[in-house]
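Engineer: Pasting protein.txt here (compact mmCIF, C-alpha atoms and all ligand atoms):
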# COMPACT_ATOMS: atom_id res chain seq x y z
CA MET A 21 -0.21 -18.49 -5.37
CA ASP A 22 -3.54 -19.07 -7.10
CA TYR A 23 -7.23 -18.56 -6.45
CA GLN A 24 -7.41 -21.67 -4.22
CA GLN A 25 -4.30 -20.93 -2.19
CA LEU A 26 -3.95 -17.20 -1.76
CA SER A 27 -0.77 -15.52 -0.53
CA ASP A 28 -0.76 -14.83 3.24
CA ARG A 29 -1.16 -11.16 2.33
CA LEU A 30 -4.36 -11.61 0.30
CA GLU A 31 -5.62 -14.24 2.74
CA ALA A 32 -5.34 -11.60 5.49
CA VAL A 33 -7.24 -9.13 3.28
CA ALA A 34 -9.94 -11.78 2.74
CA THR A 35 -10.56 -12.04 6.49
CA HIS A 36 -11.78 -8.43 6.45
CA ILE A 37 -14.51 -9.12 3.88
CA GLN A 38 -17.88 -9.64 5.49
CA GLN A 39 -20.25 -12.47 4.63
CA GLY A 40 -22.46 -11.42 1.70
CA ASP A 41 -20.36 -8.40 0.68
CA PHE A 42 -20.41 -7.29 -2.94
CA ILE A 43 -16.85 -6.21 -3.57
CA ALA A 44 -15.03 -4.11 -6.14
CA ASP A 45 -11.44 -5.35 -6.30
CA ILE A 46 -9.44 -2.61 -8.00
CA GLY A 47 -6.15 -3.62 -9.60
CA SER A 48 -7.39 -7.17 -9.71
CA ASP A 49 -4.54 -8.66 -11.72
CA HIS A 50 -5.59 -12.34 -11.96
CA ALA A 51 -8.88 -11.84 -10.04
CA TYR A 52 -7.53 -14.24 -7.41
CA LEU A 53 -9.14 -12.45 -4.48
CA PRO A 54 -12.71 -12.24 -5.89
CA ALA A 55 -12.49 -15.80 -7.25
CA TYR A 56 -11.31 -17.15 -3.89
CA LEU A 57 -14.04 -15.30 -1.99
CA MET A 58 -16.73 -16.34 -4.47
CA LEU A 59 -15.75 -20.02 -4.35
CA LYS A 60 -15.93 -19.85 -0.54
CA ASN A 61 -19.39 -18.26 -0.85
CA GLN A 62 -18.13 -15.41 1.29
CA ILE A 63 -19.33 -12.73 -1.15
CA SER A 64 -22.51 -12.33 -3.21
CA GLY A 65 -20.60 -11.05 -6.24
CA ALA A 66 -17.72 -8.90 -7.37
CA ILE A 67 -16.30 -6.48 -9.87
CA ALA A 68 -12.68 -7.13 -10.80
CA GLY A 69 -11.25 -3.87 -12.17
CA GLU A 70 -7.98 -3.61 -14.06
CA VAL A 71 -6.41 -0.75 -16.00
CA VAL A 72 -3.82 -2.79 -17.90
CA GLU A 73 -4.86 -5.05 -20.78
CA GLY A 74 -2.64 -8.06 -19.89
CA PRO A 75 -3.76 -8.47 -16.24
CA TYR A 76 -7.35 -7.73 -17.34
CA GLU A 77 -7.17 -10.64 -19.82
CA SER A 78 -5.69 -12.89 -17.08
CA ALA A 79 -8.55 -11.97 -14.74
CA LYS A 80 -11.14 -12.60 -17.47
CA HIS A 81 -9.56 -15.93 -18.31
CA LEU A 82 -9.68 -17.17 -14.71
CA VAL A 83 -13.27 -16.04 -14.16
CA GLU A 84 -14.41 -17.71 -17.39
CA SER A 85 -12.54 -20.93 -16.63
CA LEU A 86 -14.25 -21.11 -13.22
CA ASN A 87 -17.68 -20.42 -14.73
CA LEU A 88 -18.07 -17.38 -12.52
CA ILE A 89 -18.95 -14.80 -15.21
CA ASP A 90 -22.43 -14.26 -13.81
CA LYS A 91 -20.93 -13.51 -10.36
CA ILE A 92 -17.66 -11.70 -11.12
CA SER A 93 -17.74 -8.90 -13.67
CA VAL A 94 -14.24 -8.26 -15.02
CA ARG A 95 -13.90 -4.69 -16.25
CA LEU A 96 -11.13 -2.76 -17.96
CA GLY A 97 -10.74 0.77 -16.63
CA ASP A 98 -8.95 3.21 -14.37
CA GLY A 99 -9.53 2.81 -10.64
CA LEU A 100 -13.08 3.22 -9.39
CA ALA A 101 -14.34 4.32 -12.84
CA VAL A 102 -15.25 0.66 -13.45
CA ILE A 103 -18.03 0.92 -10.83
CA LYS A 104 -21.46 1.85 -12.25
CA PRO A 105 -24.09 3.76 -10.23
CA THR A 106 -26.34 0.67 -10.27
CA ASP A 107 -23.69 -1.61 -8.70
CA GLN A 108 -24.45 -2.29 -5.08
CA VAL A 109 -20.83 -2.31 -3.90
CA THR A 110 -20.48 -2.80 -0.15
CA ALA A 111 -16.70 -3.09 0.04
CA ILE A 112 -13.77 -1.91 -2.07
CA THR A 113 -10.43 -3.69 -1.96
CA ILE A 114 -7.29 -2.03 -3.35
CA CYS A 115 -4.21 -4.12 -2.68
CA GLY A 116 -0.59 -4.49 -3.67
CA MET A 117 0.02 -0.89 -4.82
CA GLY A 118 1.75 2.11 -3.30
CA GLY A 119 -0.18 4.25 -0.82
CA THR A 120 0.05 7.29 -3.11
CA LEU A 121 -1.52 5.41 -6.01
CA ILE A 122 -4.30 4.06 -3.76
CA ARG A 123 -4.90 7.58 -2.44
CA ASP A 124 -5.13 8.97 -5.99
CA ILE A 125 -7.59 6.23 -7.00
CA LEU A 126 -9.79 7.05 -3.99
CA ASP A 127 -9.48 10.77 -4.64
CA ARG A 128 -10.58 10.43 -8.27
CA GLY A 129 -13.41 8.21 -7.01
CA ILE A 130 -14.70 11.06 -4.85
CA GLN A 131 -14.23 13.66 -7.60
CA HIS A 132 -16.26 11.54 -10.02
CA GLY A 133 -18.94 10.71 -7.45
CA VAL A 134 -18.24 6.96 -7.53
CA LEU A 135 -16.95 6.68 -3.98
CA THR A 136 -20.11 7.37 -2.01
CA GLY A 137 -18.91 6.69 1.53
CA LYS A 138 -21.22 3.71 1.93
CA GLU A 139 -18.50 1.24 0.98
CA ARG A 140 -16.04 -0.20 3.52
CA LEU A 141 -12.48 0.23 2.26
CA ILE A 142 -9.97 -2.58 2.66
CA LEU A 143 -6.64 -1.20 1.57
CA GLN A 144 -3.25 -2.88 1.45
CA PRO A 145 -0.55 -0.39 0.49
CA ASN A 146 2.94 -1.82 -0.09
CA VAL A 147 4.49 1.49 0.96
CA GLY A 148 3.22 5.01 1.77
CA GLU A 149 0.82 3.96 4.54
CA LYS A 150 1.10 7.35 6.27
CA ILE A 151 0.09 9.26 3.13
CA LEU A 152 -2.94 7.01 2.79
CA ARG A 153 -3.96 7.44 6.44
CA GLN A 154 -3.64 11.20 6.04
CA TRP A 155 -6.02 11.11 3.07
CA LEU A 156 -8.51 8.89 4.94
CA VAL A 157 -8.58 11.19 7.95
CA SER A 158 -8.92 14.33 5.86
CA HIS A 159 -11.89 12.75 4.05
CA ASN A 160 -13.66 11.76 7.27
CA TYR A 161 -12.86 8.07 7.15
CA GLN A 162 -12.33 6.25 10.41
CA ILE A 163 -9.78 3.45 10.56
CA VAL A 164 -11.80 0.66 12.13
CA ASP A 165 -9.25 -2.13 11.86
CA GLU A 166 -5.68 -2.76 10.83
CA GLU A 167 -3.42 -5.71 10.40
CA LEU A 168 0.31 -6.17 9.94
CA ILE A 169 1.64 -9.32 8.38
CA GLU A 170 5.03 -10.57 7.25
CA GLU A 171 5.47 -12.59 4.10
CA ASN A 172 8.74 -13.46 2.34
CA HIS A 173 10.67 -11.03 4.59
CA LYS A 174 8.37 -8.15 3.67
CA PHE A 175 5.89 -6.41 5.92
CA TYR A 176 2.40 -5.52 4.73
CA GLU A 177 -0.19 -3.34 6.44
CA ILE A 178 -3.90 -3.73 5.85
CA ILE A 179 -6.10 -0.74 6.64
CA VAL A 180 -9.87 -1.07 6.97
CA ALA A 181 -11.77 2.21 6.90
CA GLU A 182 -15.36 3.36 7.03
CA LYS A 183 -16.89 6.77 6.53
CA ALA A 184 -17.33 8.36 9.94
CA THR A 185 -20.22 10.46 11.09
CA GLU A 186 -17.86 12.79 12.93
CA MET A 187 -14.47 14.16 12.03
CA THR A 188 -11.65 11.98 13.38
CA GLU A 189 -8.10 13.04 13.98
CA LEU A 190 -4.92 11.03 14.26
CA THR A 191 -1.80 11.91 16.21
CA PRO A 192 1.56 11.92 14.35
CA ASN A 193 2.31 8.50 15.89
CA GLU A 194 -1.05 7.10 14.83
CA LEU A 195 -0.49 8.34 11.27
CA LEU A 196 2.90 6.66 11.07
CA PHE A 197 2.33 3.43 12.97
CA GLY A 198 -1.43 3.03 12.47
CA PRO A 199 -3.94 3.74 15.26
CA VAL A 200 -4.95 0.09 15.67
CA LEU A 201 -1.48 -1.40 15.14
CA LEU A 202 -0.11 1.02 17.73
CA THR A 203 -2.47 -0.20 20.42
CA ARG A 204 -1.91 -3.89 19.60
CA LYS A 205 1.87 -3.76 19.14
CA ASN A 206 2.20 -7.42 18.22
CA PRO A 207 5.64 -9.10 17.76
CA ILE A 208 5.66 -8.36 14.01
CA PHE A 209 5.15 -4.67 14.84
CA ALA A 210 8.38 -4.61 16.88
CA LYS A 211 10.21 -6.56 14.18
CA LYS A 212 9.09 -4.19 11.41
CA TRP A 213 10.05 -1.01 13.26
CA GLN A 214 13.35 -2.41 14.56
CA GLN A 215 14.23 -3.19 10.95
CA GLU A 216 13.21 0.34 9.98
CA VAL A 217 15.53 1.79 12.65
CA ARG A 218 18.42 -0.44 11.48
CA GLU A 219 17.85 0.77 7.91
CA LYS A 220 17.96 4.41 9.04
CA TYR A 221 21.25 3.77 10.92
CA ARG A 222 22.63 2.21 7.74
CA VAL A 223 21.74 5.38 5.79
CA ILE A 224 23.37 7.52 8.51
CA ASP A 225 26.57 5.47 8.21
CA GLN A 226 26.55 5.90 4.42
CA LEU A 227 26.04 9.66 4.77
CA LYS A 228 28.86 9.88 7.33
CA GLN A 229 31.19 7.96 5.02
CA ALA A 230 30.24 10.21 2.10
CA THR A 231 30.89 13.31 4.25
CA LYS A 232 34.28 11.90 5.33
CA ASN A 233 35.21 11.26 1.69
CA GLN A 234 34.13 14.79 0.76
CA ASP A 235 36.17 16.27 3.63
CA GLU A 236 39.24 14.38 2.41
CA LYS A 237 38.70 15.56 -1.18
CA LEU A 238 38.27 19.14 0.07
CA LYS A 239 41.45 18.94 2.13
CA LYS A 240 43.41 17.57 -0.85
CA LEU A 241 42.12 20.39 -3.11
CA GLN A 242 43.09 23.02 -0.54
CA GLN A 243 46.60 21.49 -0.25
CA ASP A 244 46.96 21.54 -4.07
CA ILE A 245 45.90 25.22 -4.22
CA GLN A 246 48.31 26.14 -1.44
CA GLN A 247 51.21 24.36 -3.15
CA ILE A 248 50.54 26.14 -6.47
CA GLU A 249 50.05 29.55 -4.87
CA GLU A 250 53.32 29.30 -2.91
CA VAL A 251 55.20 28.79 -6.15
CA LEU A 252 53.35 31.68 -7.86
CA VAL A 253 54.05 34.06 -4.98
CA ASN A 254 57.79 33.21 -5.02
CA ASP A 255 58.02 33.98 -8.76
N1 LIG A 301 -4.35 -6.63 -6.24
C1 LIG A 301 -3.44 -7.69 -6.62
C2 LIG A 301 -2.64 -8.16 -5.44
O1 LIG A 301 -2.66 -7.49 -4.42
O2 LIG A 301 -1.98 -9.18 -5.54
C3 LIG A 301 -2.53 -7.25 -7.74
C4 LIG A 301 -1.47 -6.28 -7.34
S1 LIG A 301 -0.54 -5.74 -8.72
C5 LIG A 301 1.00 -5.45 -8.03
C6 LIG A 301 -1.20 -4.13 -9.00
C7 LIG A 301 -2.25 -4.14 -10.09
O3 LIG A 301 -2.94 -2.91 -10.07
C8 LIG A 301 -1.63 -4.30 -11.47
O4 LIG A 301 -2.25 -5.36 -12.15
C9 LIG A 301 -1.92 -2.94 -12.14
O5 LIG A 301 -2.14 -3.06 -13.51
C10 LIG A 301 -3.17 -2.50 -11.41
N2 LIG A 301 -3.41 -1.05 -11.39
C11 LIG A 301 -2.50 -0.07 -11.21
N3 LIG A 301 -3.10 1.12 -11.28
C12 LIG A 301 -4.42 0.90 -11.47
C13 LIG A 301 -5.54 1.73 -11.65
N4 LIG A 301 -5.44 3.06 -11.63
N5 LIG A 301 -6.75 1.15 -11.85
C14 LIG A 301 -6.87 -0.20 -11.89
N6 LIG A 301 -5.83 -1.04 -11.74
C15 LIG A 301 -4.62 -0.50 -11.54
Translate the structure of the given file into structure tokens.
Ligand code: SAM
Structural biologist:
Amino acid sequence: MDYQQLSDRLEAVATHIQQGDFIADIGSDHAYLPAYLMLKNQISGAIAGEVVEGPYESAKHLVESLNLIDKISVRLGDGLAVIKPTDQVTAITICGMGGTLIRDILDRGIQHGVLTGKERLILQPNVGEKILRQWLVSHNYQIVDEELIEENHKFYEIIVAEKATEMTELTPNELLFGPVLLTRKNPIFAKKWQQEVREKYRVIDQLKQATKNQDEKLKKLQQDIQQIEEVLVND
């Protein structure tokens, strides 16, 4: 994967960026996503934020080598803290992390007044999608679009959210499966959840086997005790 040929996962994220957006890509690793979007003239500019020195240097290196420093500002910092009040960010992308980490980044963004509610959120959690949806709903975000893709035998969900004017609520099924994904139910959806069910059956089998082993150990201990006590009583 590079900035010219994105992974299917980031390519799918890119389709949710609107023409002319100014994006803040948080956890921007090599800055592949902003560089790709900039070279396609899909965005007007970007901030590539990274909290770790190594990936930050990689992002800076790519942006400099592509002569994009006046369009993509690479910044070292935690989460949304890299966004300044004067930046006209229209969309925030946070991809390739756990849902809990994404939720915490958004939460700190609200606490510090950086996340204003004007930005569209394009989030791609690797796990913990339900936790993230719960946070979005409880902060008055509406899930306006979702996508489910499969790449290298892994499933990835993309959640697009915008601040809603009214409070929205999600049912337990919508929180787990995704309100949009649930209505579309494409073939990948069935594949993902069938795999999830198989995995749960596998865990049940393991638990049953562990219980059986424990029962056998318990039985053996009771037999040992009985044998010893019989001898003690007859003494
Ligand atoms: N976004 C890219 C993608 O989807 O391919 C990179 C994903 S990479 C697995 C996650 C990146 O997020 C890492 O480079 C990590 O250093 C960065 N990261 C983790 N926590 C962060 C935070 N609080 N603020 C900014 N970046 C963070």
Engineer: Write out as a PDB file with C-alpha atoms, in the frame of the given file each polymer residue (protein, DNA or RNA) that has an atom no more than 9 Å from ligand LIG 301 (chain A), with all atoms listed in the file counted.
Structural biologist:
ATOM      1  CA  SER A  27      -0.770 -15.520  -0.530  1.00  0.00           C
ATOM      2  CA  ARG A  29      -1.160 -11.160   2.330  1.00  0.00           C
ATOM      3  CA  LEU A  30      -4.360 -11.610   0.300  1.00  0.00           C
ATOM      4  CA  ASP A  45     -11.440  -5.350  -6.300  1.00  0.00           C
ATOM      5  CA  ILE A  46      -9.440  -2.610  -8.000  1.00  0.00           C
ATOM      6  CA  GLY A  47      -6.150  -3.620  -9.600  1.00  0.00           C
ATOM      7  CA  SER A  48      -7.390  -7.170  -9.710  1.00  0.00           C
ATOM      8  CA  ASP A  49      -4.540  -8.660 -11.720  1.00  0.00           C
ATOM      9  CA  HIS A  50      -5.590 -12.340 -11.960  1.00  0.00           C
ATOM     10  CA  ALA A  51      -8.880 -11.840 -10.040  1.00  0.00           C
ATOM     11  CA  TYR A  52      -7.530 -14.240  -7.410  1.00  0.00           C
ATOM     12  CA  LEU A  53      -9.140 -12.450  -4.480  1.00  0.00           C
ATOM     13  CA  GLY A  69     -11.250  -3.870 -12.170  1.00  0.00           C
ATOM     14  CA  GLU A  70      -7.980  -3.610 -14.060  1.00  0.00           C
ATOM     15  CA  VAL A  71      -6.410  -0.750 -16.000  1.00  0.00           C
ATOM     16  CA  VAL A  72      -3.820  -2.790 -17.900  1.00  0.00           C
ATOM     17  CA  GLU A  73      -4.860  -5.050 -20.780  1.00  0.00           C
ATOM     18  CA  GLY A  74      -2.640  -8.060 -19.890  1.00  0.00           C
ATOM     19  CA  PRO A  75      -3.760  -8.470 -16.240  1.00  0.00           C
ATOM     20  CA  TYR A  76      -7.350  -7.730 -17.340  1.00  0.00           C
ATOM     21  CA  LEU A  96     -11.130  -2.760 -17.960  1.00  0.00           C
ATOM     22  CA  GLY A  97     -10.740   0.770 -16.630  1.00  0.00           C
ATOM     23  CA  ASP A  98      -8.950   3.210 -14.370  1.00  0.00           C
ATOM     24  CA  GLY A  99      -9.530   2.810 -10.640  1.00  0.00           C
ATOM     25  CA  LEU A 100     -13.080   3.220  -9.390  1.00  0.00           C
ATOM     26  CA  ALA A 101     -14.340   4.320 -12.840  1.00  0.00           C
ATOM     27  CA  VAL A 102     -15.250   0.660 -13.450  1.00  0.00           C
ATOM     28  CA  THR A 113     -10.430  -3.690  -1.960  1.00  0.00           C
ATOM     29  CA  ILE A 114      -7.290  -2.030  -3.350  1.00  0.00           C
ATOM     30  CA  CYS A 115      -4.210  -4.120  -2.680  1.00  0.00           C
ATOM     31  CA  GLY A 116      -0.590  -4.490  -3.670  1.00  0.00           C
ATOM     32  CA  MET A 117       0.020  -0.890  -4.820  1.00  0.00           C
ATOM     33  CA  GLY A 118       1.750   2.110  -3.300  1.00  0.00           C
ATOM     34  CA  LEU A 121      -1.520   5.410  -6.010  1.00  0.00           C
ATOM     35  CA  ILE A 122      -4.300   4.060  -3.760  1.00  0.00           C
ATOM     36  CA  ASP A 124      -5.130   8.970  -5.990  1.00  0.00           C
ATOM     37  CA  ILE A 125      -7.590   6.230  -7.000  1.00  0.00           C
ATOM     38  CA  GLN A 144      -3.250  -2.880   1.450  1.00  0.00           C
ATOM     39  CA  PRO A 145      -0.550  -0.390   0.490  1.00  0.00           C
ATOM     40  CA  ASN A 146       2.940  -1.820  -0.090  1.00  0.00           C
TER      41      ASN A 146
END
Engineer: Around the point (0.9, -3.0, 11.8), in the coordinates given by the file, pick out the residues reaching within 10 Å, counting all atoms listed in the file, and return them as a list in words.
Structural biologist: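 Taken together, the residues in range are Glu166, Glu167, Leu168, Ile169, Glu170, Phe175, Tyr176, Glu177, Ile178, Ile179, Leu196, Phe197, Gly198, Pro199, Val200, Leu201, Leu202, Thr203, Arg204, Lys205, Asn206, Pro207, Ile208, Phe209, Ala210, Lys212 and Trp213 of chain A.
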Engineer: Could you turn the residues from that selection into a file that holds C-alpha atoms, as a CSV table (one decimal), in the coordinates of the input?
Structural biologist:
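The new file out-v3.csv reads:
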chain,number,residue,atom,x,y,z
A,166,GLU,CA,-5.7,-2.8,10.8
A,167,GLU,CA,-3.4,-5.7,10.4
A,168,LEU,CA,0.3,-6.2,9.9
A,169,ILE,CA,1.6,-9.3,8.4
A,170,GLU,CA,5.0,-10.6,7.2
A,175,PHE,CA,5.9,-6.4,5.9
A,176,TYR,CA,2.4,-5.5,4.7
A,177,GLU,CA,-0.2,-3.3,6.4
A,178,ILE,CA,-3.9,-3.7,5.8
A,179,ILE,CA,-6.1,-0.7,6.6
A,196,LEU,CA,2.9,6.7,11.1
A,197,PHE,CA,2.3,3.4,13.0
A,198,GLY,CA,-1.4,3.0,12.5
A,199,PRO,CA,-3.9,3.7,15.3
A,200,VAL,CA,-5.0,0.1,15.7
A,201,LEU,CA,-1.5,-1.4,15.1
A,202,LEU,CA,-0.1,1.0,17.7
A,203,THR,CA,-2.5,-0.2,20.4
A,204,ARG,CA,-1.9,-3.9,19.6
A,205,LYS,CA,1.9,-3.8,19.1
A,206,ASN,CA,2.2,-7.4,18.2
A,207,PRO,CA,5.6,-9.1,17.8
A,208,ILE,CA,5.7,-8.4,14.0
A,209,PHE,CA,5.2,-4.7,14.8
A,210,ALA,CA,8.4,-4.6,16.9
A,212,LYS,CA,9.1,-4.2,11.4
A,213,TRP,CA,10.0,-1.0,13.3
Engineer: In terms of the shortest atom-to-atom distance over all atoms listed in the file, which of A:Val251, A:Ile224, A:Ile63, A:Leu190 is closest to Thr110 (chain A)?
Structural biologist: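 Of the candidates, the smallest distance to Thr110 (chain A) is held by A:Ile63.
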Engineer: Assuming 6 Å of padding per side, give the centre and edge lengths of the axis-aligned box around every listed atom of region 180-193 of chain A, in Å to one decimal and as AutoDock Vina command-line options.
Structural biologist:
--center_x -9.0 --center_y 6.5 --center_z 11.4 --size_x 34.5 --size_y 27.2 --size_z 21.7
Engineer: Show which residues sit within 7 Å of Val83 (chain A), as a PyMOL selection string. Count all atoms listed in the file, and ignore same-chain residues fewer than 4 positions away.
Structural biologist: chain A and resi 55+79+87-89+92
Engineer: Suppose you want the space between CA of Leu152 (chain A) and CA of Ala111 (chain A); what is it in Å?
Structural biologist: 17.3 Å
Engineer: Go through A:Thr120, A:Asn160, A:Thr136, A:Gln25 one by one, measure the shortest atom-to-atom distance of each to Glu186 (chain A) using only C-alpha atoms, and give the residue with the smallest value.
Structural biologist: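 So, comparing all the options, the nearest one is A:Asn160.
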Engineer: Would you mind telling me which residue in A:Glu77, A:Asp28, A:Ile67, A:Val180 lies nearest to Leu143 (chain A) when using only C-alpha atoms?
Structural biologist: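 Checking each candidate against Leu143 (chain A), we get A:Val180 as the closest.
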Engineer: How many Å lie between CA of Leu86 (chain A) and CA of Gln62 (chain A), rounded to one decimal?
Structural biologist: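 Rounded to one decimal, the two atoms are 16.1 Å apart.
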Engineer: Find the residue from A:His173, A:Ser85, A:Leu252, A:Thr35 that sits nearest to Gln215 (chain A); use only C-alpha atoms when measuring.
Structural biologist: A:His173
Engineer: Quick one, how far is CA of Glu250 (chain A) from CA of Lys232 (chain A)?
Structural biologist: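 Interatomic distance here is 27.1 Å.
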Engineer: Using all atoms listed in the file, which of A:Asp22, A:Asp41, A:Glu171, A:Glu84 sits nearest Arg140 (chain A)?
Structural biologist: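 Once distances to Arg140 (chain A) are computed over all atoms listed in the file, the minimum belongs to A:Asp41.
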Engineer: Between A:Gln108, A:Asn172, A:Ser78, A:Gln38, which has the minimum distance to Val94 (chain A) (counting all atoms listed in the file)?
Structural biologist: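 Of A:Gln108, A:Asn172, A:Ser78, A:Gln38, the one nearest Val94 (chain A), counting all atoms listed in the file, is A:Ser78.
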Engineer: Set the distance at 8 Å and use all atoms listed in the file: which residues neighbour Val157 (chain A) once local chain neighbours fewer than 3 positions away are removed? I'd like the list as a CSV table (one decimal) with C-alpha atoms, in the coordinates of the input.
Structural biologist:
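Output contents, as saved in selection_4.csv:
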chain,number,residue,atom,x,y,z
A,153,ARG,CA,-4.0,7.4,6.4
A,154,GLN,CA,-3.6,11.2,6.0
A,160,ASN,CA,-13.7,11.8,7.3
A,161,TYR,CA,-12.9,8.1,7.2
A,162,GLN,CA,-12.3,6.2,10.4
A,187,MET,CA,-14.5,14.2,12.0
A,188,THR,CA,-11.6,12.0,13.4
A,189,GLU,CA,-8.1,13.0,14.0
A,190,LEU,CA,-4.9,11.0,14.3
Engineer: Give me, as a PDB file with C-alpha atoms, keeping the file's coordinate frame, all polymer residues having an atom no more than 12 Å from Lys91 (chain A), counting only C-alpha atoms and skipping those fewer than 6 positions away in the same chain.
Structural biologist:
ATOM      1  CA  PHE A  42     -20.410  -7.290  -2.940  1.00  0.00           C
ATOM      2  CA  ILE A  43     -16.850  -6.210  -3.570  1.00  0.00           C
ATOM      3  CA  ALA A  44     -15.030  -4.110  -6.140  1.00  0.00           C
ATOM      4  CA  PRO A  54     -12.710 -12.240  -5.890  1.00  0.00           C
ATOM      5  CA  ALA A  55     -12.490 -15.800  -7.250  1.00  0.00           C
ATOM      6  CA  LEU A  57     -14.040 -15.300  -1.990  1.00  0.00           C
ATOM      7  CA  MET A  58     -16.730 -16.340  -4.470  1.00  0.00           C
ATOM      8  CA  LEU A  59     -15.750 -20.020  -4.350  1.00  0.00           C
ATOM      9  CA  ASN A  61     -19.390 -18.260  -0.850  1.00  0.00           C
ATOM     10  CA  ILE A  63     -19.330 -12.730  -1.150  1.00  0.00           C
ATOM     11  CA  SER A  64     -22.510 -12.330  -3.210  1.00  0.00           C
ATOM     12  CA  GLY A  65     -20.600 -11.050  -6.240  1.00  0.00           C
ATOM     13  CA  ALA A  66     -17.720  -8.900  -7.370  1.00  0.00           C
ATOM     14  CA  ILE A  67     -16.300  -6.480  -9.870  1.00  0.00           C
ATOM     15  CA  ALA A  68     -12.680  -7.130 -10.800  1.00  0.00           C
ATOM     16  CA  VAL A  83     -13.270 -16.040 -14.160  1.00  0.00           C
ATOM     17  CA  GLU A  84     -14.410 -17.710 -17.390  1.00  0.00           C
TER      18      GLU A  84
END
Engineer: Can you rebuild region 96-111 of chain A with N, CA and C atoms and give it as a PDB file, in the frame of the given file?
Structural biologist:
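Saved as rebuild-v5.pdb:
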ATOM      1  N   LEU A  96     -12.354  -3.477 -17.641  1.00  0.00           N
ATOM      2  CA  LEU A  96     -11.130  -2.760 -17.960  1.00  0.00           C
ATOM      3  C   LEU A  96     -11.363  -1.270 -17.729  1.00  0.00           C
ATOM      4  N   GLY A  97     -10.565  -0.660 -16.876  1.00  0.00           N
ATOM      5  CA  GLY A  97     -10.740   0.770 -16.630  1.00  0.00           C
ATOM      6  C   GLY A  97      -9.874   1.257 -15.495  1.00  0.00           C
ATOM      7  N   ASP A  98      -9.806   2.579 -15.371  1.00  0.00           N
ATOM      8  CA  ASP A  98      -8.950   3.210 -14.370  1.00  0.00           C
ATOM      9  C   ASP A  98      -9.650   3.300 -13.014  1.00  0.00           C
ATOM     10  N   GLY A  99      -9.060   2.681 -12.023  1.00  0.00           N
ATOM     11  CA  GLY A  99      -9.530   2.810 -10.640  1.00  0.00           C
ATOM     12  C   GLY A  99     -11.004   2.520 -10.459  1.00  0.00           C
ATOM     13  N   LEU A 100     -11.675   3.442  -9.745  1.00  0.00           N
ATOM     14  CA  LEU A 100     -13.080   3.220  -9.390  1.00  0.00           C
ATOM     15  C   LEU A 100     -14.036   3.541 -10.534  1.00  0.00           C
ATOM     16  N   ALA A 101     -13.482   4.001 -11.681  1.00  0.00           N
ATOM     17  CA  ALA A 101     -14.340   4.320 -12.840  1.00  0.00           C
ATOM     18  C   ALA A 101     -15.054   3.070 -13.359  1.00  0.00           C
ATOM     19  N   VAL A 102     -14.582   1.892 -12.972  1.00  0.00           N
ATOM     20  CA  VAL A 102     -15.250   0.660 -13.450  1.00  0.00           C
ATOM     21  C   VAL A 102     -16.569   0.399 -12.701  1.00  0.00           C
ATOM     22  N   ILE A 103     -16.792   1.128 -11.606  1.00  0.00           N
ATOM     23  CA  ILE A 103     -18.030   0.920 -10.830  1.00  0.00           C
ATOM     24  C   ILE A 103     -19.154   1.767 -11.438  1.00  0.00           C
ATOM     25  N   LYS A 104     -20.309   1.117 -11.686  1.00  0.00           N
ATOM     26  CA  LYS A 104     -21.460   1.850 -12.250  1.00  0.00           C
ATOM     27  C   LYS A 104     -22.399   2.261 -11.112  1.00  0.00           C
ATOM     28  N   PRO A 105     -23.186   3.304 -11.308  1.00  0.00           N
ATOM     29  CA  PRO A 105     -24.090   3.760 -10.230  1.00  0.00           C
ATOM     30  C   PRO A 105     -25.054   2.665  -9.765  1.00  0.00           C
ATOM     31  N   THR A 106     -25.375   1.722 -10.647  1.00  0.00           N
ATOM     32  CA  THR A 106     -26.340   0.670 -10.270  1.00  0.00           C
ATOM     33  C   THR A 106     -25.692  -0.485  -9.489  1.00  0.00           C
ATOM     34  N   ASP A 107     -24.363  -0.543  -9.455  1.00  0.00           N
ATOM     35  CA  ASP A 107     -23.690  -1.610  -8.700  1.00  0.00           C
ATOM     36  C   ASP A 107     -23.873  -1.378  -7.203  1.00  0.00           C
ATOM     37  N   GLN A 108     -24.236  -2.424  -6.533  1.00  0.00           N
ATOM     38  CA  GLN A 108     -24.450  -2.290  -5.080  1.00  0.00           C
ATOM     39  C   GLN A 108     -23.182  -2.715  -4.334  1.00  0.00           C
ATOM     40  N   VAL A 109     -22.129  -1.936  -4.496  1.00  0.00           N
ATOM     41  CA  VAL A 109     -20.830  -2.310  -3.900  1.00  0.00           C
ATOM     42  C   VAL A 109     -20.852  -2.019  -2.397  1.00  0.00           C
ATOM     43  N   THR A 110     -20.515  -3.017  -1.603  1.00  0.00           N
ATOM     44  CA  THR A 110     -20.480  -2.800  -0.150  1.00  0.00           C
ATOM     45  C   THR A 110     -19.056  -2.690   0.380  1.00  0.00           C
ATOM     46  N   ALA A 111     -18.095  -3.189  -0.393  1.00  0.00           N
ATOM     47  CA  ALA A 111     -16.700  -3.090   0.040  1.00  0.00           C
ATOM     48  C   ALA A 111     -15.783  -2.938  -1.164  1.00  0.00           C
TER      49      ALA A 111
END
